[in-house]
$ cat protein34.cif   # mmCIF, C-alpha atoms and all ligand atoms
data_target
#
loop_
_atom_site.label_atom_id
_atom_site.label_comp_id
_atom_site.auth_asym_id
_atom_site.auth_seq_id
_atom_site.Cartn_x
_atom_site.Cartn_y
_atom_site.Cartn_z
CA MET A 1462 -17.34 -0.78 15.71
CA SER A 1463 -17.74 2.98 16.50
CA LEU A 1464 -21.19 4.51 17.00
CA ARG A 1465 -20.85 6.43 13.72
CA ASP A 1466 -19.87 3.27 11.86
CA TRP A 1467 -22.84 1.41 13.39
CA LEU A 1468 -25.26 4.23 12.43
CA LEU A 1469 -23.96 4.44 8.87
CA THR A 1470 -24.20 0.68 8.44
CA ARG A 1471 -27.85 0.80 9.61
CA ARG A 1472 -28.51 3.70 7.24
CA ASP A 1473 -26.97 1.90 4.27
CA ARG A 1474 -29.06 -1.22 4.99
CA MET A 1475 -32.23 0.83 5.18
CA LEU A 1476 -31.53 2.82 2.02
CA GLY A 1477 -30.72 -0.39 0.18
CA SER A 1478 -34.11 -1.91 0.98
CA ALA A 1479 -36.95 -1.63 -1.57
CA ALA A 1480 -39.53 -1.99 1.25
CA PHE A 1481 -38.02 1.00 3.04
CA HIS A 1482 -38.25 3.11 -0.15
CA GLN A 1483 -41.90 2.26 -0.59
CA SER A 1484 -42.69 3.11 3.01
CA VAL A 1485 -40.93 6.52 3.03
CA LEU A 1486 -42.88 7.65 -0.04
CA ARG A 1487 -46.07 7.51 2.04
CA PHE A 1488 -45.13 10.37 4.39
CA PRO A 1489 -44.73 13.97 3.19
CA ILE A 1490 -41.37 14.83 4.80
CA SER A 1491 -39.66 11.54 4.09
CA ARG A 1492 -41.21 11.60 0.60
CA TRP A 1493 -39.53 14.94 -0.05
CA ILE A 1494 -36.15 13.57 1.04
CA ALA A 1495 -36.61 10.37 -0.97
CA ARG A 1496 -37.58 12.28 -4.10
CA ARG A 1497 -34.60 14.57 -3.80
CA ARG A 1498 -32.25 11.63 -3.37
CA ALA A 1499 -33.82 9.82 -6.33
CA ARG A 1500 -33.41 12.97 -8.41
CA GLU A 1501 -29.71 13.22 -7.49
CA LEU A 1502 -29.15 9.58 -8.37
CA PHE A 1503 -31.00 10.02 -11.64
CA ASP A 1504 -28.81 13.00 -12.55
CA ILE A 1505 -25.67 10.93 -11.96
CA THR A 1506 -27.14 8.08 -14.00
CA ALA A 1507 -28.23 10.29 -16.88
CA GLY A 1508 -25.37 12.80 -16.79
CA PHE A 1509 -23.69 11.42 -19.91
CA VAL A 1510 -26.87 12.06 -21.90
CA TYR A 1511 -27.06 15.65 -20.66
CA SER A 1512 -23.45 16.19 -21.71
CA GLN A 1513 -24.12 14.86 -25.17
CA VAL A 1514 -27.17 17.09 -25.58
CA LEU A 1515 -24.94 20.04 -24.77
CA ALA A 1516 -22.20 18.69 -27.08
CA ALA A 1517 -24.68 18.46 -29.98
CA CYS A 1518 -25.96 22.01 -29.30
CA VAL A 1519 -22.39 23.32 -29.34
CA GLU A 1520 -21.47 21.36 -32.45
CA LEU A 1521 -24.49 22.77 -34.27
CA ASP A 1522 -23.73 26.25 -32.93
CA LEU A 1523 -27.33 26.45 -31.70
CA PHE A 1524 -26.72 29.06 -29.01
CA GLU A 1525 -25.21 31.43 -31.55
CA ARG A 1526 -27.94 30.71 -34.10
CA LEU A 1527 -30.56 31.65 -31.50
CA ALA A 1528 -28.71 34.60 -29.99
CA ALA A 1529 -30.68 37.18 -31.95
CA GLY A 1530 -34.10 35.72 -31.09
CA PRO A 1531 -36.53 32.88 -31.88
CA VAL A 1532 -36.01 30.70 -34.95
CA SER A 1533 -38.37 28.10 -36.46
CA SER A 1534 -37.71 24.34 -36.56
CA GLU A 1535 -37.66 24.40 -40.32
CA LYS A 1536 -35.00 27.09 -40.57
CA LEU A 1537 -32.85 25.47 -37.89
CA ALA A 1538 -33.12 22.07 -39.60
CA SER A 1539 -32.06 23.59 -42.90
CA ASP A 1540 -29.23 25.72 -41.40
CA CYS A 1541 -27.88 22.82 -39.34
CA ALA A 1542 -28.32 20.30 -42.18
CA ILE A 1543 -30.02 17.82 -39.82
CA PRO A 1544 -33.38 16.23 -40.73
CA ARG A 1545 -36.18 17.93 -38.82
CA PRO A 1546 -37.40 14.95 -36.71
CA GLY A 1547 -33.92 14.32 -35.26
CA LEU A 1548 -33.23 17.98 -34.74
CA GLU A 1549 -36.56 18.49 -32.97
CA ARG A 1550 -35.73 15.63 -30.63
CA LEU A 1551 -32.51 17.42 -29.68
CA LEU A 1552 -34.37 20.72 -29.24
CA GLU A 1553 -36.92 19.09 -26.94
CA ALA A 1554 -34.16 17.55 -24.83
CA ALA A 1555 -32.35 20.90 -24.66
CA VAL A 1556 -35.58 22.52 -23.43
CA GLU A 1557 -35.76 19.98 -20.58
CA LEU A 1558 -32.23 21.01 -19.59
CA ARG A 1559 -33.03 24.76 -19.80
CA LEU A 1560 -30.53 25.19 -22.58
CA LEU A 1561 -33.36 26.25 -24.89
CA GLN A 1562 -36.95 27.36 -24.59
CA ARG A 1563 -39.97 26.71 -26.78
CA TRP A 1564 -41.43 29.83 -28.35
CA GLY A 1565 -44.95 29.74 -29.79
CA ALA A 1566 -46.07 26.77 -31.83
CA ASP A 1567 -42.95 26.19 -33.87
CA GLU A 1568 -40.11 28.36 -32.69
CA TRP A 1569 -37.20 28.03 -30.27
CA ARG A 1570 -35.17 30.51 -28.32
CA LEU A 1571 -32.36 30.43 -25.76
CA GLY A 1572 -33.10 29.02 -22.32
CA ASP A 1573 -31.41 30.64 -19.33
CA LEU A 1574 -28.53 28.12 -19.29
CA GLY A 1575 -28.02 28.36 -23.05
CA ALA A 1576 -27.95 32.15 -22.78
CA ALA A 1577 -25.50 31.98 -19.83
CA SER A 1578 -23.17 29.67 -21.73
CA ARG A 1579 -22.64 32.45 -24.30
CA GLY A 1580 -21.46 34.74 -21.52
CA SER A 1581 -18.85 32.25 -20.33
CA PRO A 1582 -16.09 32.17 -22.87
CA GLY A 1583 -14.41 28.83 -22.82
CA ILE A 1584 -17.48 26.67 -22.30
CA ALA A 1585 -17.89 25.89 -25.99
CA ALA A 1586 -14.16 25.18 -26.39
CA MET A 1587 -14.24 23.02 -23.25
CA VAL A 1588 -17.26 21.08 -24.50
CA ARG A 1589 -15.62 20.52 -27.88
CA HIS A 1590 -12.41 19.17 -26.41
CA HIS A 1591 -14.45 16.89 -24.10
CA GLY A 1592 -14.92 14.58 -27.10
CA MET A 1593 -11.53 13.14 -26.13
CA LEU A 1594 -12.47 12.54 -22.50
CA TYR A 1595 -15.76 11.03 -23.61
CA ARG A 1596 -13.91 8.52 -25.77
CA ASP A 1597 -11.44 7.78 -22.98
CA LEU A 1598 -14.30 7.10 -20.56
CA LEU A 1599 -16.18 4.82 -22.90
CA GLU A 1600 -14.73 1.86 -21.04
CA PRO A 1601 -13.95 3.26 -17.60
CA LEU A 1602 -12.44 0.06 -16.26
CA SER A 1603 -9.97 -0.14 -19.16
CA LEU A 1604 -8.99 3.47 -18.57
CA LEU A 1605 -8.49 2.87 -14.85
CA THR A 1606 -6.34 -0.16 -15.62
CA ASP A 1607 -4.19 1.41 -18.33
CA ARG A 1608 -4.22 5.07 -19.28
CA SER A 1609 -1.07 5.10 -21.36
CA ASN A 1610 -2.90 5.44 -24.69
CA SER A 1611 -5.64 7.83 -23.66
CA ASP A 1612 -6.60 10.61 -26.07
CA LEU A 1613 -6.19 13.21 -23.35
CA SER A 1614 -2.60 12.19 -22.65
CA GLN A 1615 -1.77 12.89 -26.31
CA TYR A 1616 -3.46 16.28 -26.03
CA TRP A 1617 -1.52 17.34 -22.90
CA ALA A 1618 1.91 16.16 -23.96
CA TYR A 1619 3.65 17.47 -20.81
CA ALA A 1620 1.44 15.32 -18.57
CA ALA A 1621 2.59 12.07 -20.11
CA GLU A 1622 6.21 13.28 -20.24
CA PRO A 1623 7.12 16.10 -17.82
CA GLY A 1624 8.94 18.93 -19.56
CA ARG A 1625 7.91 17.92 -23.09
CA SER A 1626 7.42 20.93 -25.33
CA GLU A 1627 6.18 20.73 -28.90
CA ALA A 1628 4.96 23.77 -30.82
CA ALA A 1629 1.66 22.59 -32.36
CA ASN A 1630 0.62 20.81 -29.18
CA ALA A 1631 1.54 23.79 -26.99
CA GLN A 1632 -0.40 26.19 -29.20
CA ARG A 1633 -3.52 24.01 -29.09
CA TYR A 1634 -3.76 23.62 -25.33
CA SER A 1635 -2.66 27.21 -24.68
CA GLU A 1636 -5.56 28.48 -26.77
CA LEU A 1637 -7.97 26.33 -24.77
CA MET A 1638 -6.62 27.61 -21.45
CA ALA A 1639 -6.61 31.22 -22.66
CA GLU A 1640 -10.36 30.99 -23.42
CA SER A 1641 -11.24 30.64 -19.74
CA GLN A 1642 -8.29 32.53 -18.26
CA SER A 1643 -9.83 36.00 -18.38
CA PHE A 1644 -12.56 34.81 -15.95
CA VAL A 1645 -9.98 33.15 -13.74
CA ALA A 1646 -7.70 36.21 -13.73
CA ASP A 1647 -10.57 38.49 -12.80
CA ASP A 1648 -11.56 36.22 -9.91
CA VAL A 1649 -8.00 35.76 -8.63
CA LEU A 1650 -6.99 39.41 -8.83
CA ALA A 1651 -10.25 40.54 -7.24
CA HIS A 1652 -9.41 38.39 -4.23
CA CYS A 1653 -5.68 38.93 -4.06
CA SER A 1654 -4.48 42.45 -4.77
CA LEU A 1655 -0.96 42.85 -6.13
CA ALA A 1656 -0.87 46.56 -5.23
CA GLY A 1657 2.55 47.51 -3.89
CA ARG A 1658 4.23 44.43 -5.40
CA ARG A 1659 7.26 44.85 -7.69
CA GLU A 1660 7.52 41.73 -9.75
CA LEU A 1661 5.30 38.80 -10.61
CA LEU A 1662 6.66 35.46 -11.78
CA ASP A 1663 3.78 33.43 -13.24
CA ILE A 1664 5.01 29.85 -13.37
CA GLY A 1665 3.26 27.81 -16.07
CA GLY A 1666 1.69 31.12 -17.10
CA GLY A 1667 0.66 29.83 -20.52
CA SER A 1668 0.21 32.45 -23.23
CA GLY A 1669 0.33 35.24 -20.64
CA VAL A 1670 -3.35 36.13 -20.16
CA PHE A 1671 -3.09 36.18 -16.36
CA ALA A 1672 0.18 38.15 -16.31
CA ALA A 1673 -1.14 40.67 -18.88
CA GLU A 1674 -4.26 41.23 -16.79
CA ALA A 1675 -2.09 41.79 -13.70
CA LEU A 1676 0.02 44.32 -15.65
CA LYS A 1677 -3.13 46.10 -16.75
CA ARG A 1678 -4.49 46.39 -13.20
CA PHE A 1679 -1.25 47.22 -11.41
CA PRO A 1680 0.74 49.79 -13.41
CA GLU A 1681 3.79 49.60 -11.12
CA LEU A 1682 4.14 45.84 -11.56
CA ARG A 1683 6.57 43.99 -13.84
CA ALA A 1684 5.77 40.41 -14.85
CA ARG A 1685 7.52 37.38 -16.23
CA VAL A 1686 5.92 34.18 -17.44
CA PHE A 1687 7.93 30.99 -17.00
CA ASP A 1688 6.64 28.20 -19.23
CA LEU A 1689 7.82 25.55 -21.66
CA PRO A 1690 9.75 27.13 -24.56
CA ASP A 1691 6.96 26.71 -27.14
CA VAL A 1692 4.46 28.35 -24.81
CA ALA A 1693 6.79 31.14 -23.63
CA VAL A 1694 6.96 32.35 -27.23
CA LEU A 1695 3.18 32.83 -27.20
CA ALA A 1696 3.34 34.87 -23.97
CA ASP A 1697 6.05 37.11 -25.44
CA GLU A 1698 3.88 37.65 -28.51
CA ARG A 1699 0.95 38.63 -26.30
CA PHE A 1700 3.01 41.13 -24.27
CA SER A 1701 4.21 42.85 -27.48
CA ARG A 1702 0.74 42.76 -29.04
CA GLU A 1703 -0.95 44.24 -25.97
CA GLY A 1704 1.68 46.92 -25.40
CA TYR A 1705 3.39 45.35 -22.35
CA GLY A 1706 6.72 44.66 -24.08
CA GLU A 1707 8.52 46.91 -21.57
CA ARG A 1708 7.05 45.52 -18.35
CA GLY A 1709 6.35 41.93 -19.40
CA GLY A 1710 8.54 39.11 -20.66
CA ALA A 1711 8.63 35.33 -20.91
CA ILE A 1712 11.25 32.74 -20.11
CA GLY A 1713 11.20 29.30 -21.68
CA GLY A 1714 12.24 26.38 -19.50
CA ASP A 1715 11.25 23.31 -17.55
CA MET A 1716 9.95 24.21 -14.09
CA PHE A 1717 10.93 20.80 -12.74
CA ALA A 1718 14.45 20.70 -14.13
CA ASP A 1719 15.65 24.30 -14.46
CA THR A 1720 16.39 26.86 -11.77
CA LEU A 1721 13.52 29.31 -11.46
CA PRO A 1722 14.49 32.96 -11.91
CA GLY A 1723 14.89 34.79 -8.59
CA GLY A 1724 13.82 38.25 -7.51
CA ALA A 1725 10.03 38.09 -7.79
CA ASP A 1726 8.00 39.22 -4.79
CA VAL A 1727 4.91 37.42 -6.09
CA ILE A 1728 5.00 33.94 -7.58
CA SER A 1729 1.77 32.60 -9.01
CA LEU A 1730 0.79 29.04 -9.86
CA VAL A 1731 -2.53 29.30 -11.64
CA ARG A 1732 -4.10 25.92 -12.52
CA ILE A 1733 -0.69 24.23 -12.25
CA LEU A 1734 -0.45 22.01 -9.17
CA HIS A 1735 -3.44 19.81 -10.02
CA ASP A 1736 -1.73 18.79 -13.28
CA HIS A 1737 1.09 17.00 -11.48
CA ASP A 1738 1.72 14.15 -9.08
CA ASP A 1739 2.73 14.80 -5.48
CA GLU A 1740 6.48 14.31 -5.90
CA LEU A 1741 6.73 16.90 -8.69
CA VAL A 1742 4.47 19.33 -6.86
CA VAL A 1743 6.65 19.25 -3.75
CA ARG A 1744 9.74 19.73 -5.95
CA LEU A 1745 8.12 22.71 -7.65
CA LEU A 1746 7.01 24.30 -4.37
CA ARG A 1747 10.55 23.92 -2.98
CA ALA A 1748 11.93 25.58 -6.12
CA ALA A 1749 9.42 28.41 -5.69
CA ARG A 1750 10.53 28.76 -2.06
CA GLN A 1751 14.14 29.12 -3.26
CA ALA A 1752 13.21 31.68 -5.91
CA ILE A 1753 10.80 33.92 -4.01
CA SER A 1754 12.07 37.03 -2.26
CA PRO A 1755 11.89 36.93 1.57
CA ASP A 1756 8.97 39.40 1.62
CA GLY A 1757 7.25 37.50 -1.20
CA LEU A 1758 3.76 36.13 -1.63
CA LEU A 1759 3.00 32.78 -3.23
CA LEU A 1760 -0.37 32.73 -4.98
CA ILE A 1761 -2.06 29.46 -5.86
CA ALA A 1762 -5.31 29.33 -7.79
CA GLU A 1763 -7.06 26.24 -9.05
CA PRO A 1764 -10.24 24.20 -8.63
CA MET A 1765 -9.95 22.01 -5.55
CA ALA A 1766 -11.33 18.73 -4.26
CA GLU A 1767 -13.75 18.76 -1.33
CA THR A 1768 -15.18 22.16 -2.23
CA PRO A 1769 -18.58 22.31 -0.50
CA ALA A 1770 -19.77 25.13 -2.77
CA ALA A 1771 -19.03 23.05 -5.85
CA PRO A 1772 -19.98 19.42 -5.22
CA GLY A 1773 -18.96 17.14 -8.06
CA VAL A 1774 -16.04 19.26 -9.27
CA GLY A 1775 -13.60 16.96 -7.52
CA ALA A 1776 -15.14 13.93 -9.26
CA TYR A 1777 -14.73 15.61 -12.65
CA PHE A 1778 -11.07 16.47 -12.06
CA HIS A 1779 -10.23 13.08 -10.57
CA LEU A 1780 -11.28 11.38 -13.79
CA TYR A 1781 -10.08 14.12 -16.14
CA LEU A 1782 -6.58 14.20 -14.67
CA TRP A 1783 -6.38 10.43 -14.46
CA ALA A 1784 -7.16 10.24 -18.20
CA MET A 1785 -4.68 13.04 -18.87
CA GLY A 1786 -1.88 10.96 -17.35
CA SER A 1787 -0.85 12.88 -14.24
CA GLY A 1788 -2.06 15.01 -11.36
CA ARG A 1789 -5.07 15.04 -9.08
CA PRO A 1790 -7.40 17.61 -7.56
CA ARG A 1791 -6.32 18.36 -3.99
CA SER A 1792 -8.21 19.74 -1.04
CA PHE A 1793 -7.21 23.04 0.53
CA ALA A 1794 -5.95 21.08 3.56
CA ARG A 1795 -3.71 18.89 1.39
CA ILE A 1796 -2.24 21.86 -0.47
CA ARG A 1797 -1.56 23.58 2.84
CA GLN A 1798 0.29 20.46 4.06
CA MET A 1799 2.43 20.39 0.91
CA LEU A 1800 3.17 24.12 1.17
CA GLU A 1801 4.28 23.77 4.77
CA ALA A 1802 6.49 20.80 3.84
CA ALA A 1803 8.09 22.98 1.15
CA GLY A 1804 8.94 25.85 3.53
CA PHE A 1805 5.89 28.12 3.32
CA ALA A 1806 3.76 29.41 6.18
CA ASP A 1807 0.74 31.63 6.79
CA VAL A 1808 -1.38 29.71 4.28
CA ARG A 1809 -4.69 31.48 3.77
CA GLU A 1810 -7.73 31.02 1.63
CA ARG A 1811 -8.71 34.27 -0.09
CA GLY A 1812 -12.16 33.29 -1.35
CA SER A 1813 -13.37 33.44 -4.95
CA PHE A 1814 -16.46 34.37 -6.94
CA GLN A 1815 -16.64 30.96 -8.61
CA PRO A 1816 -15.16 28.18 -6.46
CA LEU A 1817 -16.20 25.81 -9.22
CA LEU A 1818 -13.65 27.41 -11.50
CA VAL A 1819 -10.97 28.36 -9.06
CA ARG A 1820 -10.13 28.78 -5.36
CA VAL A 1821 -7.44 31.21 -4.35
CA LEU A 1822 -4.90 30.75 -1.60
CA THR A 1823 -1.72 32.52 -0.60
CA ALA A 1824 1.30 31.65 1.49
CA ARG A 1825 4.50 33.37 2.60
CA PRO A 1826 8.00 31.97 2.88
CA ALA A 1827 8.56 30.61 6.38
CA ALA A 1828 11.48 32.11 8.27
CA ARG A 1829 14.52 29.83 7.89
C1 LIG A 1901 -3.20 23.87 -17.30
S1 LIG A 1901 -2.09 24.98 -18.08
C2 LIG A 1901 -2.34 26.48 -17.16
C3 LIG A 1901 -1.95 27.70 -17.92
C4 LIG A 1901 -2.28 29.01 -17.21
N1 LIG A 1901 -1.62 29.13 -15.94
C5 LIG A 1901 -3.78 29.11 -17.04
O1 LIG A 1901 -4.29 28.95 -15.94
O2 LIG A 1901 -4.45 29.37 -18.05
C6 LIG A 1901 -0.54 24.41 -17.47
C7 LIG A 1901 0.64 25.19 -17.97
O3 LIG A 1901 1.83 24.65 -17.38
C8 LIG A 1901 2.83 24.58 -18.36
N2 LIG A 1901 3.81 23.54 -18.02
C9 LIG A 1901 3.59 22.21 -17.93
N3 LIG A 1901 4.72 21.55 -17.62
C10 LIG A 1901 5.68 22.50 -17.51
C11 LIG A 1901 7.07 22.45 -17.19
N4 LIG A 1901 7.67 21.29 -16.94
N5 LIG A 1901 7.75 23.61 -17.16
C12 LIG A 1901 7.14 24.80 -17.41
N6 LIG A 1901 5.82 24.91 -17.70
C13 LIG A 1901 5.11 23.77 -17.75
C14 LIG A 1901 2.07 24.25 -19.63
O4 LIG A 1901 2.82 24.52 -20.79
C15 LIG A 1901 0.83 25.11 -19.47
O5 LIG A 1901 1.00 26.38 -20.02
#
$ encode --input "protein34.cif" --output "structure tokens"
Amino acid sequence: MSLRDWLLTRRDRMLGSAAFHQSVLRFPISRWIARRRARELFDITAGFVYSQVLAACVELDLFERLAAGPVSSEKLASDCAIPRPGLERLLEAAVELRLLQRWGADEWRLGDLGAASRGSPGIAAMVRHHGMLYRDLLEPLSLLTDRSNSDLSQYWAYAAEPGRSEAANAQRYSELMAESQSFVADDVLAHCSLAGRRELLDIGGGSGVFAAEALKRFPELRARVFDLPDVAVLADERFSREGYGERGGAIGGDMFADTLPGGADVISLVRILHDHDDELVVRLLRAARQAISPDGLLLIAEPMAETPAAPGVGAYFHLYLWAMGSGRPRSFARIRQMLEAAGFADVRERGSFQPLLVRVLTARPAAR
């Protein structure tokens, strides 16, 4: 047994003892540590209740109803069509979570987190679609044993069956992704300039929000989105609608089965790798290596496992992607390994404003 192993075993024994807990509460410093640990454990234990408080607030549109200022219990109960005692119980819980704030004797207003959620497009849509994950997680052991019938795998059709494209399904998930993409695009492009680049190929670029933002910021750039046929149509529509018909275009295809178009000197994979299992990811990275020009830059942006600035994000994506039917969150080190195996070098982390949402890394084709 190594020294570290021995120490950790001693620690685990101590922390697992009720007598030890009682004794540490008697001393100020150890009391502080014990309280903090108890708090963290409580948050994990109670997290599903917090989520449902938020889900109820979103379903009742409470943050919008309170956006203009305080509102009374009576008016909220009548507007939300929920009897006042039940509604007030929700409002009290939302105050504890800083989603709302009490105002005077009988009024409520936004709390700082409720107010912030209005400034983050995508949160409400994310919370709404979490109903599916919530149902899938109702019996976690069943889900871990068999995920073939999960609600999330129906929602993300391509996860259960790589390459599957179906119009209504594609439209639904593309709208969800587009809601948060403007934040992601801003973060990615602030940390990785495309100045001086000729052509962007955004693989799995969805309805084109990221590519359109790149076209807006870099007037010399041309961009193509490569996505499943039913999604590529949406990107083409966006380029025409936003006046980028000349510089932007979309190609429908299957990134795992079709040859990727060549010629781009930037290839981006934004929130793509984590959706897929290792074998497909390596195949995709090799295809990107074939397609990219020798002076090209590969840009990868997605939330990652083992992100110290965002503890817990990895846990969320591990379960989310398991329920979805494919993929996993990967650490920066793991992605680097896969990139190097696929023929890329000079893998660098570029930083990001919100590592919770996305981390940005780049790589260049290795000399052959
Ligand atoms: C999680 S979404 C990310 C969309 C966009 N990059 C973003 O960050 O908002 C994954 C995208 O990959 C696309 N995709 C999945 N499988 C694909 C395949 N086999 N070929 C091409 N695109 C695919 C999906 O249609 C979807 O638009």
$ closest_residue --input "protein34.cif" --among "A:Gln1642, A:Thr1768, A:Ser1578, A:Gln1615" --to "Asn1630 in chain A" --atoms "all atoms listed in the file"
A:Gln1615
$ residues_near_ligand --input "protein34.cif" --ligand "ligand LIG 1901 (chain A)" --cutoff "8 Å" --atoms "all atoms listed in the file" --output "PyMOL selection string"
chain A and resi 1619-1620+1623-1626+1631+1634-1635+1638-1639+1641-1642+1645+1663-1671+1687-1692+1713-1718+1730-1733+1736+1763
$ write_last_selection --input "protein34.cif" --atoms "C-alpha atoms" --output "PDB file, in the frame of the given file"
ATOM      1  CA  TYR A1619       3.650  17.470 -20.810  1.00  0.00           C
ATOM      2  CA  ALA A1620       1.440  15.320 -18.570  1.00  0.00           C
ATOM      3  CA  PRO A1623       7.120  16.100 -17.820  1.00  0.00           C
ATOM      4  CA  GLY A1624       8.940  18.930 -19.560  1.00  0.00           C
ATOM      5  CA  ARG A1625       7.910  17.920 -23.090  1.00  0.00           C
ATOM      6  CA  SER A1626       7.420  20.930 -25.330  1.00  0.00           C
ATOM      7  CA  ALA A1631       1.540  23.790 -26.990  1.00  0.00           C
ATOM      8  CA  TYR A1634      -3.760  23.620 -25.330  1.00  0.00           C
ATOM      9  CA  SER A1635      -2.660  27.210 -24.680  1.00  0.00           C
ATOM     10  CA  MET A1638      -6.620  27.610 -21.450  1.00  0.00           C
ATOM     11  CA  ALA A1639      -6.610  31.220 -22.660  1.00  0.00           C
ATOM     12  CA  SER A1641     -11.240  30.640 -19.740  1.00  0.00           C
ATOM     13  CA  GLN A1642      -8.290  32.530 -18.260  1.00  0.00           C
ATOM     14  CA  VAL A1645      -9.980  33.150 -13.740  1.00  0.00           C
ATOM     15  CA  ASP A1663       3.780  33.430 -13.240  1.00  0.00           C
ATOM     16  CA  ILE A1664       5.010  29.850 -13.370  1.00  0.00           C
ATOM     17  CA  GLY A1665       3.260  27.810 -16.070  1.00  0.00           C
ATOM     18  CA  GLY A1666       1.690  31.120 -17.100  1.00  0.00           C
ATOM     19  CA  GLY A1667       0.660  29.830 -20.520  1.00  0.00           C
ATOM     20  CA  SER A1668       0.210  32.450 -23.230  1.00  0.00           C
ATOM     21  CA  GLY A1669       0.330  35.240 -20.640  1.00  0.00           C
ATOM     22  CA  VAL A1670      -3.350  36.130 -20.160  1.00  0.00           C
ATOM     23  CA  PHE A1671      -3.090  36.180 -16.360  1.00  0.00           C
ATOM     24  CA  PHE A1687       7.930  30.990 -17.000  1.00  0.00           C
ATOM     25  CA  ASP A1688       6.640  28.200 -19.230  1.00  0.00           C
ATOM     26  CA  LEU A1689       7.820  25.550 -21.660  1.00  0.00           C
ATOM     27  CA  PRO A1690       9.750  27.130 -24.560  1.00  0.00           C
ATOM     28  CA  ASP A1691       6.960  26.710 -27.140  1.00  0.00           C
ATOM     29  CA  VAL A1692       4.460  28.350 -24.810  1.00  0.00           C
ATOM     30  CA  GLY A1713      11.200  29.300 -21.680  1.00  0.00           C
ATOM     31  CA  GLY A1714      12.240  26.380 -19.500  1.00  0.00           C
ATOM     32  CA  ASP A1715      11.250  23.310 -17.550  1.00  0.00           C
ATOM     33  CA  MET A1716       9.950  24.210 -14.090  1.00  0.00           C
ATOM     34  CA  PHE A1717      10.930  20.800 -12.740  1.00  0.00           C
ATOM     35  CA  ALA A1718      14.450  20.700 -14.130  1.00  0.00           C
ATOM     36  CA  LEU A1730       0.790  29.040  -9.860  1.00  0.00           C
ATOM     37  CA  VAL A1731      -2.530  29.300 -11.640  1.00  0.00           C
ATOM     38  CA  ARG A1732      -4.100  25.920 -12.520  1.00  0.00           C
ATOM     39  CA  ILE A1733      -0.690  24.230 -12.250  1.00  0.00           C
ATOM     40  CA  ASP A1736      -1.730  18.790 -13.280  1.00  0.00           C
ATOM     41  CA  GLU A1763      -7.060  26.240  -9.050  1.00  0.00           C
TER      42      GLU A1763
END
$ residues_around --input "protein34.cif" --residues "His1779 in chain A" --least-positions-apart "6" --cutoff "9 Å" --atoms "all atoms listed in the file" --output "PyMOL selection string"
chain A and resi 1766+1788-1790
$ atom_distance --input "protein34.cif" --atom1 "CA of Ala1693 in chain A" --atom2 "CA of Arg1750 in chain A"
22.0 Å
$ residues_near_point --input "protein34.cif" --point "(13.2, 37.4, 1.8)" --cutoff "12 Å" --atoms "all atoms listed in the file" --output "PyMOL selection string"
chain A and resi 1723-1727+1750-1758+1805+1825-1829
$ axis_aligned_box --input "protein34.cif" --around "range 1691-1707 of chain A" --padding-each-side "3 Å" --output "JSON"
{"center_x": 3.8, "center_y": 36.8, "center_z": -25.3, "size_x": 15.5, "size_y": 26.2, "size_z": 13.5}
$ residues_near_point --input "protein34.cif" --point "(-1.6, 44.5, -22.3)" --cutoff "9 Å" --atoms "all atoms listed in the file" --output "VMD selection string"
chain A and resid 1670 1672 to 1674 1676 to 1677 1699 to 1706 1709
$ atom_distance --input "protein34.cif" --atom1 "CA of Leu1574 in chain A" --atom2 "CA of Ala1507 in chain A"
18.0 Å
$ closest_residue --input "protein34.cif" --among "A:Arg1797, A:Ala1762, A:Ala1538, A:Arg1471" --to "Arg1550 in chain A" --atoms "all atoms listed in the file"
A:Ala1538
$ closest_atom_pairs --input "protein34.cif" --of "range 1554-1585 of chain A" --to "range 1533-1536 of chain A" --cutoff "8 Å" --atoms "all atoms listed in the file" --output "JSON lines"
{"residue": "A:Asp1567", "atom": "CA", "partner": "A:Ser1533", "partner_atom": "CA", "distance": 5.6}
{"residue": "A:Glu1568", "atom": "CA", "partner": "A:Ser1533", "partner_atom": "CA", "distance": 4.2}
{"residue": "A:Trp1569", "atom": "CA", "partner": "A:Ser1533", "partner_atom": "CA", "distance": 6.3}
$ atom_distance --input "protein34.cif" --atom1 "CA of Leu1655 in chain A" --atom2 "CA of Phe1679 in chain A"
6.9 Å
$ residues_around --input "protein34.cif" --residues "Leu1571 in chain A" --least-positions-apart "4" --cutoff "6 Å" --atoms "only C-alpha atoms" --output "list of chain:residue names"
A:Leu1561, A:Gln1562, A:Gly1575, A:Ala1576
$ write_last_selection --input "protein34.cif" --atoms "C-alpha atoms" --output "PDB file, keeping the file's coordinate frame"
ATOM      1  CA  LEU A1561     -33.360  26.250 -24.890  1.00  0.00           C
ATOM      2  CA  GLN A1562     -36.950  27.360 -24.590  1.00  0.00           C
ATOM      3  CA  GLY A1575     -28.020  28.360 -23.050  1.00  0.00           C
ATOM      4  CA  ALA A1576     -27.950  32.150 -22.780  1.00  0.00           C
TER       5      ALA A1576
END
$ residues_around --input "protein34.cif" --residues "Leu1599 in chain A" --least-positions-apart "6" --cutoff "12 Å" --atoms "all atoms listed in the file" --output "list in words"
Phe1509, Gly1592, Met1593, Leu1605, Ser1611, Asp1612 and Ala1784 of chain A
$ closest_residue --input "protein34.cif" --among "A:Asp1807, A:Leu1817, A:Glu1622, A:Ala1794" --to "Pro1769 in chain A" --atoms "only C-alpha atoms"
A:Leu1817
$ residues_around --input "protein34.cif" --residues "Ile1728 in chain A" --least-positions-apart "3" --cutoff "6 Å" --atoms "only C-alpha atoms" --output "list of chain:residue names"
A:Leu1661, A:Leu1662, A:Asp1663, A:Leu1759
